[in-house]
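Each remark here refers to the structure printed beneath this line.
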Amino acid sequence: MPRTIAIIGAGPSGLAAARALDKAGIHFVGFESANDVGGLWNIDNPRSTMYESAHLISSRTTTEFHELPMQTTADYPSHRELKKYFRAYSDRFDLGEKFLFNTTVDRLEPTDDDGWNVTSTTAGHEPRTERFDGVVLANGTLARPSIPQFDGEFAGEIIHSSQYKKATMFAGKRVLVVGAGNSGCDIAVDAVHHADSIDLSVRRGYYFVPRYLFGKPADTLNQGRPLPARLKQFVDKRVLRAFTGDPVKFGFPKPDYRIYESHPIVNTLVLAHLGQGDLRVVPAPERFDGNTVHFSDGTEADYDLIVLATGYTLAYPFVGREHLNWSSDAPELYLNIFPPSFNGLYVMGMIEASGIGWQGRYEQAELLAAYLAAQDTAPRAAAHFRETAEEPWPDLTGGYKYLALERMSYYVNKDAYRRTIRRLLETLTRKVNS
């Protein structure tokens, strides 16, 4: 019987996997809990973390799939354009017809014959269990909000940024946004137009990258041979300082790390609003007392609403952690794709990298598809690929010393990662054809 693979999720990574497997002639069935493709970019998806003002923070040409350029002239399209784009991608390659929509995967269990039982539930139907030869986990990395705990009780309202949709919710309120990542800064900028007051709580310093440098999208510059890490950090820090100024002068702490060792903030509007006095930076909260928040520096202030822009934790809740070699903050996977046991589970999209785009995720999927095809047509080549995972794993950092944080635990350098994936794909293809 032909090999059949399950794909969980119809967001960018799930669609990339579907396209690559389809091109390789590998039969698959997709599972998507929403009623359409797009993942979190589909704001109508009940699990979407999208908000009305959201746009790409990487530019269109560095983000899109190469097979299908976006039909827009916007450099940083909105979520509305992206929802249309993923639908167009799905339609162009007839991917959607192979997905079961409104269908949630409840449980994955290994079978006695090296396969996987997938138990799923389609809305309005009883759960069912089907056997697959392998499963691609492409359900995304931004599904489970990370909720910090604070001493005391807050008398106002507390929400996570994943619940935020429209800025009108801030009207007439004293708002505290906890966390100054890209979402936190976006929300703070939205809130200044509606809130009575808006404060941005931060623990550490950040580097701010403007969307445009020298009249072009910032991430389209230096797209050729990448500079060595230390040289790029030296040059870019000074270029950004010239364009954006010193964030410390706007109230942010001085970063305790080098640029690109954590994800930069692609939002300089927050600096403009700080300069205009529309918002202010405050330290980390320590405890709550009614509507009063006490901060780590001994100051305090009163609020009506707290927005926790505190990120997400990885979640693959339908499968036991032991199957994903999960012993720390993230599964320890070869190339962020393959469990070292090669047990038939594969992860797509568990990579964070500035500028890697959806094409980088498609290249992941190409390598996976080539390996799955080789299992049937060239088992010796597939076995050789598995043996490469027994050797020291390639360095995917590109020379950057990323912060030892949970959210950085699956961070890679886009150039180092894509170069490694392409090299291994070329090697596997050559052995298949030899």
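Ligands are numbered from 1 in the order shown, residues from 1 within each chain, and chains are lettered A, B, ... in the order they appear in the structure tokens.
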
Neighbour list for A:Val29 as a PyMOL selection string, cut-off 8 Å, only C-alpha atoms, skip fewer than 6 positions in-chain: chain A and resi 4-7+98-100

What's around A:Asn42 at 8 Å? Count only C-alpha atoms, leave out sequence neighbours fewer than 5 positions away in its own chain, and write the answer as a PDB file with N, CA and C atoms, in the first residue's frame.
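This is the output file out_36.pdb:
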ATOM      1  N   ASP A  36     -10.812  26.993   7.422  1.00  0.00           N
ATOM      2  CA  ASP A  36     -10.090  27.437   6.244  1.00  0.00           C
ATOM      3  C   ASP A  36      -8.598  27.372   6.532  1.00  0.00           C
ATOM      4  N   VAL A  37      -7.804  27.582   5.496  1.00  0.00           N
ATOM      5  CA  VAL A  37      -6.354  27.591   5.640  1.00  0.00           C
ATOM      6  C   VAL A  37      -5.892  28.935   6.211  1.00  0.00           C
ATOM      7  N   SER A  48      -6.824  31.757  16.410  1.00  0.00           N
ATOM      8  CA  SER A  48      -5.906  32.761  15.891  1.00  0.00           C
ATOM      9  C   SER A  48      -5.520  33.764  16.971  1.00  0.00           C
ATOM     10  N   MET A  50      -4.242  36.643  16.037  1.00  0.00           N
ATOM     11  CA  MET A  50      -4.121  37.851  15.221  1.00  0.00           C
ATOM     12  C   MET A  50      -4.990  38.970  15.786  1.00  0.00           C
ATOM     13  N   HIS A  79      -2.851  41.213   7.748  1.00  0.00           N
ATOM     14  CA  HIS A  79      -3.355  39.844   7.894  1.00  0.00           C
ATOM     15  C   HIS A  79      -4.474  39.558   6.899  1.00  0.00           C
ATOM     16  N   ARG A  80      -5.203  40.575   6.468  1.00  0.00           N
ATOM     17  CA  ARG A  80      -6.276  40.355   5.495  1.00  0.00           C
ATOM     18  C   ARG A  80      -5.699  39.897   4.150  1.00  0.00           C
ATOM     19  N   LYS A  83      -4.360  36.271   4.552  1.00  0.00           N
ATOM     20  CA  LYS A  83      -5.407  35.250   4.509  1.00  0.00           C
ATOM     21  C   LYS A  83      -5.760  34.926   3.055  1.00  0.00           C
TER      22      LYS A  83
END

Using only C-alpha atoms, I'd like a table of the residues in stretch 162-262 of chain A that come within 12 Å of stretch 393-399 of chain A; for each, show the closest atom pair and its distance in Å rounded to one decimal, ordered by chain and ascending number, as a tab-separated table.
residue	atom	partner	partner_atom	distance
A:Pro226	CA	A:Gly398	CA	9.7
A:Leu227	CA	A:Gly398	CA	10.0
A:Pro228	CA	A:Gly399	CA	7.6
A:Ala229	CA	A:Gly399	CA	5.6
A:Arg230	CA	A:Gly399	CA	7.9
A:Leu231	CA	A:Gly399	CA	10.8
A:Lys232	CA	A:Gly399	CA	10.8
A:Gln233	CA	A:Gly399	CA	10.9
A:Arg258	CA	A:Gly399	CA	12.0
A:Tyr260	CA	A:Gly399	CA	10.6
A:Glu261	CA	A:Thr397	CA	9.6
A:Ser262	CA	A:Thr397	CA	11.8

Spatial neighbours of A:Leu200, 9 Å, only C-alpha atoms, chain gap at least 6 places, as a ChimeraX atom specification: /A:175-180,184-185,188,279-283

A:Gly115 environment, 12 Å, only C-alpha atoms, sequence neighbours closer than 6 positions dropped, as a PyMOL selection string: chain A and resi 3-6+108-109+130-135+342-345

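Residue nearest A:Arg287, chosen from A:Phe170, A:Ser327, A:Gly152, A:Gly360 and counting only C-alpha atoms: A:Gly152.
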
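The residue that comes closest to A:Phe385, out of A:Ile259, A:Val266, A:Leu335, A:Ala416 and on the basis of only C-alpha atoms, is A:Leu335.
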
Those in stretch 149-366 of chain A with strand (DSSP E) from DSSP, as an MDAnalysis selection string: chainID A and resid 151:154 157:160 174:178 197:201 212:213 216:217 280:282 285:290 292:295 300:302 305:308 312:313 345:347

Counting only C-alpha atoms, what are the residues of stretch 218-243 of chain A within 8 Å of stretch 206-210 of chain A, and for each of them which pair of atoms is the nearest and at what distance in Å, to one decimal? Sort the table by chain and rising number, as a Markdown table.
| residue | atom | partner | partner_atom | distance |
| --- | --- | --- | --- | --- |
| A:Ala218 | CA | A:Pro210 | CA | 6.8 |
| A:Leu240 | CA | A:Val209 | CA | 6.6 |
| A:Phe243 | CA | A:Pro210 | CA | 7.8 |

Take the residues that were just selected and, keeping N, CA, C and O atoms, output them as a PDB file, in the first residue's frame.
ATOM      1  N   ALA A 218      13.914  47.121   5.253  1.00  0.00           N
ATOM      2  CA  ALA A 218      15.204  46.910   5.911  1.00  0.00           C
ATOM      3  C   ALA A 218      15.751  45.508   5.697  1.00  0.00           C
ATOM      4  O   ALA A 218      16.965  45.324   5.542  1.00  0.00           O
ATOM      5  N   LEU A 240      21.593  51.334  12.861  1.00  0.00           N
ATOM      6  CA  LEU A 240      20.314  51.506  13.537  1.00  0.00           C
ATOM      7  C   LEU A 240      20.352  52.682  14.500  1.00  0.00           C
ATOM      8  O   LEU A 240      19.375  53.425  14.635  1.00  0.00           O
ATOM      9  N   PHE A 243      19.679  55.772  12.602  1.00  0.00           N
ATOM     10  CA  PHE A 243      18.309  55.946  12.109  1.00  0.00           C
ATOM     11  C   PHE A 243      17.292  56.103  13.240  1.00  0.00           C
ATOM     12  O   PHE A 243      16.312  56.831  13.099  1.00  0.00           O
TER      13      PHE A 243
END

Run DSSP on the backbone and give me the residues of stretch 127-293 of chain A it puts in alpha helix (DSSP H), as a CSV table (one decimal) with N, CA and C atoms, in the first residue's frame.
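Heads up, here's the output in out_12.csv:
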chain,number,residue,atom,x,y,z
A,182,ASN,N,7.4,42.3,19.8
A,182,ASN,CA,6.8,42.9,18.6
A,182,ASN,C,5.3,43.1,18.9
A,183,SER,N,4.6,42.1,19.5
A,183,SER,CA,3.2,42.3,19.7
A,183,SER,C,2.9,43.3,20.8
A,184,GLY,N,3.7,43.3,21.8
A,184,GLY,CA,3.6,44.3,22.9
A,184,GLY,C,3.7,45.7,22.4
A,185,CYS,N,4.7,46.0,21.5
A,185,CYS,CA,4.9,47.3,21.0
A,185,CYS,C,3.7,47.7,20.0
A,186,ASP,N,3.3,46.7,19.2
A,186,ASP,CA,2.1,47.0,18.3
A,186,ASP,C,0.9,47.4,19.2
A,187,ILE,N,0.6,46.6,20.2
A,187,ILE,CA,-0.5,46.9,21.0
A,187,ILE,C,-0.4,48.2,21.7
A,188,ALA,N,0.8,48.6,22.2
A,188,ALA,CA,1.0,49.9,22.9
A,188,ALA,C,0.7,51.0,21.9
A,189,VAL,N,1.2,50.9,20.7
A,189,VAL,CA,1.0,51.9,19.7
A,189,VAL,C,-0.5,52.0,19.4
A,190,ASP,N,-1.2,50.9,19.3
A,190,ASP,CA,-2.7,50.9,19.0
A,190,ASP,C,-3.4,51.7,20.2
A,191,ALA,N,-2.9,51.4,21.4
A,191,ALA,CA,-3.7,51.9,22.6
A,191,ALA,C,-3.6,53.4,22.8
A,229,ALA,N,29.0,37.1,11.9
A,229,ALA,CA,28.1,37.6,12.9
A,229,ALA,C,28.7,38.9,13.6
A,230,ARG,N,29.9,38.8,14.1
A,230,ARG,CA,30.4,40.0,14.8
A,230,ARG,C,30.5,41.2,13.9
A,231,LEU,N,30.9,41.1,12.7
A,231,LEU,CA,30.9,42.2,11.8
A,231,LEU,C,29.5,42.8,11.5
A,232,LYS,N,28.6,41.9,11.3
A,232,LYS,CA,27.2,42.4,11.1
A,232,LYS,C,26.7,43.1,12.3
A,233,GLN,N,26.9,42.6,13.5
A,233,GLN,CA,26.5,43.2,14.7
A,233,GLN,C,27.1,44.6,14.9
A,234,PHE,N,28.4,44.7,14.6
A,234,PHE,CA,29.1,46.0,14.7
A,234,PHE,C,28.5,47.0,13.7
A,235,VAL,N,28.3,46.6,12.5
A,235,VAL,CA,27.8,47.6,11.5
A,235,VAL,C,26.4,47.9,11.7
A,236,ASP,N,25.5,46.9,11.9
A,236,ASP,CA,24.1,47.2,12.0
A,236,ASP,C,23.7,48.0,13.3
A,237,LYS,N,24.5,47.7,14.4
A,237,LYS,CA,24.2,48.5,15.6
A,237,LYS,C,24.4,50.0,15.3
A,238,ARG,N,25.4,50.3,14.6
A,238,ARG,CA,25.7,51.7,14.3
A,238,ARG,C,24.7,52.3,13.3
A,239,VAL,N,24.3,51.5,12.3
A,239,VAL,CA,23.4,52.0,11.3
A,239,VAL,C,22.0,52.3,12.0
A,240,LEU,N,21.6,51.3,12.9
A,240,LEU,CA,20.3,51.5,13.5
A,240,LEU,C,20.4,52.7,14.5
A,241,ARG,N,21.5,52.9,15.2
A,241,ARG,CA,21.6,54.0,16.1
A,241,ARG,C,21.4,55.3,15.3
A,242,ALA,N,22.0,55.4,14.1
A,242,ALA,CA,21.9,56.6,13.3
A,242,ALA,C,20.4,56.8,12.9
A,243,PHE,N,19.7,55.8,12.6
A,243,PHE,CA,18.3,55.9,12.1
A,243,PHE,C,17.3,56.1,13.2
A,244,THR,N,17.5,55.4,14.3
A,244,THR,CA,16.5,55.3,15.4
A,244,THR,C,16.9,56.0,16.7
A,269,LEU,N,7.6,53.1,15.7
A,269,LEU,CA,6.5,54.0,16.1
A,269,LEU,C,6.4,54.2,17.6
A,270,VAL,N,6.8,53.1,18.3
A,270,VAL,CA,6.7,53.1,19.7
A,270,VAL,C,7.7,54.1,20.3
A,271,LEU,N,8.9,54.3,19.6
A,271,LEU,CA,9.8,55.3,20.0
A,271,LEU,C,9.3,56.7,19.8
A,272,ALA,N,8.6,56.9,18.6
A,272,ALA,CA,8.0,58.2,18.3
A,272,ALA,C,7.0,58.6,19.4
A,273,HIS,N,6.1,57.6,19.8
A,273,HIS,CA,5.1,57.9,20.8
A,273,HIS,C,5.7,58.1,22.2
A,274,LEU,N,6.8,57.5,22.5
A,274,LEU,CA,7.5,57.8,23.7
A,274,LEU,C,8.0,59.2,23.7
A,275,GLY,N,8.6,59.6,22.5
A,275,GLY,CA,9.1,60.9,22.4
A,275,GLY,C,8.1,62.0,22.5
A,276,GLN,N,6.9,61.6,22.1
A,276,GLN,CA,5.7,62.6,22.1
A,276,GLN,C,5.1,62.6,23.5

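Each of A:Ala143, A:Arg386, A:Ser409, A:Val105 was compared to A:Pro127 using only C-alpha atoms, and A:Val105 turns out to be the nearest.
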
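If you measure from each of A:His263, A:Arg47, A:His27, A:His55 to A:Asn413 using only C-alpha atoms, the closest one turns out to be A:His263.
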